[in-house]
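Containing PDB, C-alpha atoms, pLDDT in the B column: final_2.pdb.
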ATOM      1  CA  MET A 116      32.977  20.795   4.527  1.00 65.00           C
ATOM      2  CA  SER A 117      35.019  18.258   2.568  1.00 92.00           C
ATOM      3  CA  THR A 118      33.725  15.312   0.614  1.00 96.00           C
ATOM      4  CA  VAL A 119      35.110  11.794   0.860  1.00 97.00           C
ATOM      5  CA  PHE A 120      34.346   9.107  -1.686  1.00 98.00           C
ATOM      6  CA  ILE A 121      34.814   5.474  -2.556  1.00 98.00           C
ATOM      7  CA  ALA A 122      34.225   3.764  -5.909  1.00 98.00           C
ATOM      8  CA  PHE A 123      33.612   0.093  -6.639  1.00 98.00           C
ATOM      9  CA  GLN A 124      33.197  -2.014  -9.756  1.00 97.00           C
ATOM     10  CA  THR A 125      29.542  -2.686 -10.518  1.00 96.00           C
ATOM     11  CA  ASN A 126      28.846  -6.397 -10.034  1.00 95.00           C
ATOM     12  CA  GLU A 127      26.862  -8.865  -7.932  1.00 94.00           C
ATOM     13  CA  GLU A 128      29.473  -8.860  -5.139  1.00 94.00           C
ATOM     14  CA  THR A 129      29.324  -5.094  -4.639  1.00 95.00           C
ATOM     15  CA  ARG A 130      25.542  -4.595  -4.706  1.00 95.00           C
ATOM     16  CA  PRO A 131      24.968  -5.694  -1.076  1.00 96.00           C
ATOM     17  CA  VAL A 132      28.063  -3.759   0.040  1.00 97.00           C
ATOM     18  CA  ILE A 133      26.682  -0.596  -1.550  1.00 97.00           C
ATOM     19  CA  GLU A 134      23.285  -1.200   0.075  1.00 97.00           C
ATOM     20  CA  ALA A 135      25.006  -1.567   3.469  1.00 98.00           C
ATOM     21  CA  ILE A 136      26.939   1.668   2.929  1.00 98.00           C
ATOM     22  CA  GLU A 137      23.699   3.481   2.079  1.00 97.00           C
ATOM     23  CA  LEU A 138      22.044   2.163   5.256  1.00 97.00           C
ATOM     24  CA  ASP A 139      24.916   3.301   7.482  1.00 97.00           C
ATOM     25  CA  ASN A 140      25.478   6.658   5.733  1.00 98.00           C
ATOM     26  CA  PRO A 141      22.143   8.391   5.049  1.00 97.00           C
ATOM     27  CA  SER A 142      23.887  11.578   3.904  1.00 96.00           C
ATOM     28  CA  ALA A 143      25.868   9.708   1.240  1.00 97.00           C
ATOM     29  CA  THR A 144      25.096  10.132  -2.455  1.00 98.00           C
ATOM     30  CA  VAL A 145      25.369   7.108  -4.753  1.00 97.00           C
ATOM     31  CA  HIS A 146      26.301   7.662  -8.403  1.00 97.00           C
ATOM     32  CA  GLN A 147      25.581   4.633 -10.607  1.00 95.00           C
ATOM     33  CA  GLU A 148      27.669   4.373 -13.762  1.00 93.00           C
ATOM     34  CA  PRO A 149      27.725   1.476 -16.251  1.00 92.00           C
ATOM     35  CA  ALA A 150      30.848  -0.152 -14.783  1.00 94.00           C
ATOM     36  CA  MET A 151      31.310   1.740 -11.520  1.00 97.00           C
ATOM     37  CA  VAL A 152      29.465   2.939  -8.441  1.00 98.00           C
ATOM     38  CA  LYS A 153      30.859   6.033  -6.710  1.00 98.00           C
ATOM     39  CA  ILE A 154      29.662   6.978  -3.242  1.00 98.00           C
ATOM     40  CA  ASP A 155      30.245  10.527  -1.967  1.00 97.00           C
ATOM     41  CA  ALA A 156      29.697  11.644   1.615  1.00 97.00           C
ATOM     42  CA  PRO A 157      30.248  14.907   3.451  1.00 96.00           C
ATOM     43  CA  ASN A 158      33.208  14.659   5.868  1.00 94.00           C
ATOM     44  CA  GLU A 159      32.985  10.936   6.702  1.00 96.00           C
ATOM     45  CA  LEU A 160      31.939   7.589   5.233  1.00 98.00           C
ATOM     46  CA  VAL A 161      31.764   4.534   7.495  1.00 98.00           C
ATOM     47  CA  ILE A 162      31.560   0.972   6.162  1.00 98.00           C
ATOM     48  CA  ARG A 163      30.532  -1.500   8.867  1.00 98.00           C
ATOM     49  CA  ARG A 164      31.279  -5.212   8.642  1.00 98.00           C
ATOM     50  CA  GLU A 165      28.139  -6.065  10.615  1.00 98.00           C
ATOM     51  CA  THR A 166      25.827  -4.252   8.189  1.00 98.00           C
ATOM     52  CA  ILE A 167      27.429  -5.947   5.183  1.00 98.00           C
ATOM     53  CA  GLU A 168      27.023  -9.335   6.883  1.00 97.00           C
ATOM     54  CA  GLU A 169      23.315  -8.602   7.413  1.00 97.00           C
ATOM     55  CA  GLN A 170      22.959  -7.818   3.694  1.00 96.00           C
ATOM     56  CA  ILE A 171      24.837 -10.857   2.389  1.00 96.00           C
ATOM     57  CA  GLY A 172      23.865 -13.406   5.047  1.00 96.00           C
ATOM     58  CA  ARG A 173      27.383 -14.615   5.828  1.00 97.00           C
ATOM     59  CA  GLU A 174      30.527 -13.561   7.643  1.00 97.00           C
ATOM     60  CA  TYR A 175      32.485 -10.856   5.852  1.00 97.00           C
ATOM     61  CA  ASP A 176      36.096  -9.724   6.135  1.00 96.00           C
ATOM     62  CA  LEU A 177      36.431  -6.026   5.285  1.00 95.00           C
ATOM     63  CA  GLN A 178      39.595  -6.873   3.340  1.00 94.00           C
ATOM     64  CA  GLU A 179      37.208  -8.311   0.716  1.00 95.00           C
ATOM     65  CA  LEU A 180      36.412  -4.704  -0.244  1.00 95.00           C
ATOM     66  CA  GLN A 181      39.829  -4.499  -1.911  1.00 94.00           C
ATOM     67  CA  VAL A 182      38.850  -6.954  -4.666  1.00 96.00           C
ATOM     68  CA  ASN A 183      36.312  -4.597  -6.267  1.00 97.00           C
ATOM     69  CA  LEU A 184      37.677  -1.256  -5.054  1.00 97.00           C
ATOM     70  CA  ILE A 185      38.574   1.201  -7.823  1.00 97.00           C
ATOM     71  CA  THR A 186      39.569   4.300  -5.868  1.00 97.00           C
ATOM     72  CA  MET A 187      38.860   6.303  -2.727  1.00 97.00           C
ATOM     73  CA  SER A 188      39.516   9.740  -1.295  1.00 97.00           C
ATOM     74  CA  GLY A 189      39.963  10.619   2.361  1.00 96.00           C
ATOM     75  CA  HIS A 190      41.977   9.612   5.381  1.00 96.00           C
ATOM     76  CA  LEU A 191      41.539   5.852   5.893  1.00 96.00           C
ATOM     77  CA  THR A 192      41.031   4.384   9.349  1.00 96.00           C
ATOM     78  CA  GLU A 193      40.486   0.649   9.365  1.00 95.00           C
ATOM     79  CA  ASP A 194      39.988  -2.147  11.877  1.00 95.00           C
ATOM     80  CA  GLU A 195      38.233  -5.513  11.715  1.00 95.00           C
ATOM     81  CA  ASP A 196      34.786  -3.947  12.181  1.00 97.00           C
ATOM     82  CA  THR A 197      34.896  -0.647  10.290  1.00 97.00           C
ATOM     83  CA  PHE A 198      36.457   0.971   7.232  1.00 96.00           C
ATOM     84  CA  THR A 199      36.224   4.755   7.618  1.00 97.00           C
ATOM     85  CA  LEU A 200      37.111   7.543   5.208  1.00 97.00           C
ATOM     86  CA  SER A 201      37.238  11.043   6.671  1.00 97.00           C
ATOM     87  CA  TRP A 202      38.861  14.436   6.524  1.00 89.00           C
ATOM     88  CA  LYS A 203      40.140  15.693   9.863  1.00 76.00           C
TER      89      LYS A 203
END

Please re-express this file's structure in structure tokens.
Amino acid sequence: MSTVFIAFQTNEETRPVIEAIELDNPSATVHQEPAMVKIDAPNELVIRRETIEEQIGREYDLQELQVNLITMSGHLTEDEDTFTLSWK
């Protein structure tokens, strides 16, 4: 088993995104640091636009993730509805 991860700056914009990731990835582990949040998941991590929109109450373009993204690890597959990190 391989672990993928994504890390964001800690701020008001990322809190609902992190909550959405936790909802969609129950096996993920969230590590809160003073200025960063790192999310690890075994094999795959899926970020869904629809879940983020439910958390923030507005339309969301997954490209907005880039603003607060620090780093990530895994093979990236992206479309307008999902942002997926995996090892295949």

| said: As a check of understanding, name the residues that the PyMOL selection byres ((chain A and resi 128-130) around 10) selects in the supplied structure, as a list in words. | reply: Phe123, Gln124, Thr125, Asn126, Glu127, Pro131, Val132, Ile133, Glu134, Ala135, Ile136, Met151, Val152, Gln170, Ile171, Glu179, Leu180, Val182, Asn183 and Leu184 of chain A

| request: Kindly resolve the PyMOL selection byres ((chain A and resi 163) around 8) on the present coordinates and return the residues as a ChimeraX atom specification. | output: /A:135-136,139,161-162,164-167,196-198

| field | Selection: 8 Å around Val145 in chain A, all atoms listed in the file, excl. self and same-chain fewer than 6 positions, as a PyMOL selection string | value | chain A and resi 137+152-155

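Atom to atom, CA of Leu160 in chain A and CA of Glu148 in chain A stand 19.7 Å apart.
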
| task | Can you work out the spacing between CA of Leu200 in chain A and CA of Tyr175 in chain A in Å, to one decimal? | result |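 Interatomic distance, CA of Leu200 in chain A to CA of Tyr175 in chain A: 19.0 Å.
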
Starting from the incomplete input, reconstruct all heavy atoms of range 125-136 of chain A and write that as a compact mmCIF listing (two decimals), in the frame of the given file.
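Output saved as part_33.txt:
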# COMPACT_ATOMS: atom_id res chain seq x y z
N THR A 125 30.94 -2.28 -10.59
CA THR A 125 29.54 -2.69 -10.52
C THR A 125 29.45 -4.17 -10.82
O THR A 125 29.79 -4.60 -11.92
CB THR A 125 28.69 -1.90 -11.54
OG1 THR A 125 28.80 -0.51 -11.24
CG2 THR A 125 27.24 -2.33 -11.48
N ASN A 126 29.05 -4.96 -9.83
CA ASN A 126 28.85 -6.40 -10.03
C ASN A 126 27.99 -6.96 -8.89
O ASN A 126 27.61 -6.23 -7.98
CB ASN A 126 30.18 -7.14 -10.18
CG ASN A 126 31.08 -6.99 -8.99
OD1 ASN A 126 30.64 -7.07 -7.84
ND2 ASN A 126 32.37 -6.77 -9.24
N GLU A 127 27.72 -8.24 -8.94
CA GLU A 127 26.86 -8.86 -7.93
C GLU A 127 27.49 -8.84 -6.55
O GLU A 127 26.77 -8.78 -5.55
CB GLU A 127 26.53 -10.31 -8.34
CG GLU A 127 25.62 -10.42 -9.53
CD GLU A 127 24.28 -9.72 -9.32
OE1 GLU A 127 23.68 -9.87 -8.24
OE2 GLU A 127 23.85 -8.99 -10.23
N GLU A 128 28.80 -8.88 -6.44
CA GLU A 128 29.47 -8.86 -5.14
C GLU A 128 29.36 -7.50 -4.46
O GLU A 128 29.30 -7.43 -3.24
CB GLU A 128 30.95 -9.22 -5.30
CG GLU A 128 31.19 -10.65 -5.69
CD GLU A 128 32.67 -10.93 -5.94
OE1 GLU A 128 33.52 -10.15 -5.46
OE2 GLU A 128 32.96 -11.93 -6.59
N THR A 129 29.34 -6.42 -5.24
CA THR A 129 29.32 -5.09 -4.64
C THR A 129 27.92 -4.57 -4.33
O THR A 129 27.79 -3.67 -3.51
CB THR A 129 30.06 -4.07 -5.53
OG1 THR A 129 29.44 -4.02 -6.81
CG2 THR A 129 31.52 -4.42 -5.66
N ARG A 130 26.90 -5.12 -4.95
CA ARG A 130 25.54 -4.60 -4.71
C ARG A 130 25.15 -4.61 -3.22
O ARG A 130 24.69 -3.60 -2.70
CB ARG A 130 24.53 -5.34 -5.56
CG ARG A 130 24.57 -4.87 -7.00
CD ARG A 130 23.44 -5.45 -7.84
NE ARG A 130 23.57 -4.96 -9.20
CZ ARG A 130 24.23 -5.60 -10.16
NH1 ARG A 130 24.78 -6.77 -9.92
NH2 ARG A 130 24.32 -5.08 -11.38
N PRO A 131 25.33 -5.73 -2.50
CA PRO A 131 24.97 -5.69 -1.08
C PRO A 131 25.89 -4.80 -0.25
O PRO A 131 25.46 -4.23 0.76
CB PRO A 131 25.04 -7.15 -0.63
CG PRO A 131 25.83 -7.86 -1.67
CD PRO A 131 25.68 -7.07 -2.94
N VAL A 132 27.14 -4.65 -0.66
CA VAL A 132 28.06 -3.76 0.04
C VAL A 132 27.58 -2.32 -0.10
O VAL A 132 27.55 -1.56 0.87
CB VAL A 132 29.50 -3.92 -0.51
CG1 VAL A 132 30.43 -2.87 0.07
CG2 VAL A 132 30.03 -5.33 -0.23
N ILE A 133 27.18 -1.95 -1.30
CA ILE A 133 26.68 -0.60 -1.55
C ILE A 133 25.39 -0.35 -0.76
O ILE A 133 25.22 0.72 -0.17
CB ILE A 133 26.50 -0.37 -3.06
CG1 ILE A 133 27.88 -0.38 -3.73
CG2 ILE A 133 25.74 0.92 -3.34
CD1 ILE A 133 27.86 -0.64 -5.19
N GLU A 134 24.51 -1.33 -0.71
CA GLU A 134 23.28 -1.20 0.08
C GLU A 134 23.61 -0.98 1.56
O GLU A 134 22.99 -0.16 2.22
CB GLU A 134 22.41 -2.44 -0.10
CG GLU A 134 21.80 -2.55 -1.48
CD GLU A 134 21.11 -3.88 -1.71
OE1 GLU A 134 20.98 -4.69 -0.75
OE2 GLU A 134 20.69 -4.14 -2.85
N ALA A 135 24.60 -1.71 2.07
CA ALA A 135 25.01 -1.57 3.47
C ALA A 135 25.58 -0.17 3.72
O ALA A 135 25.28 0.46 4.74
CB ALA A 135 26.03 -2.64 3.83
N ILE A 136 26.37 0.32 2.79
CA ILE A 136 26.94 1.67 2.93
C ILE A 136 25.82 2.71 2.96
O ILE A 136 25.85 3.63 3.77
CB ILE A 136 27.94 1.96 1.79
CG1 ILE A 136 29.17 1.05 1.94
CG2 ILE A 136 28.36 3.43 1.80
CD1 ILE A 136 30.12 1.07 0.75
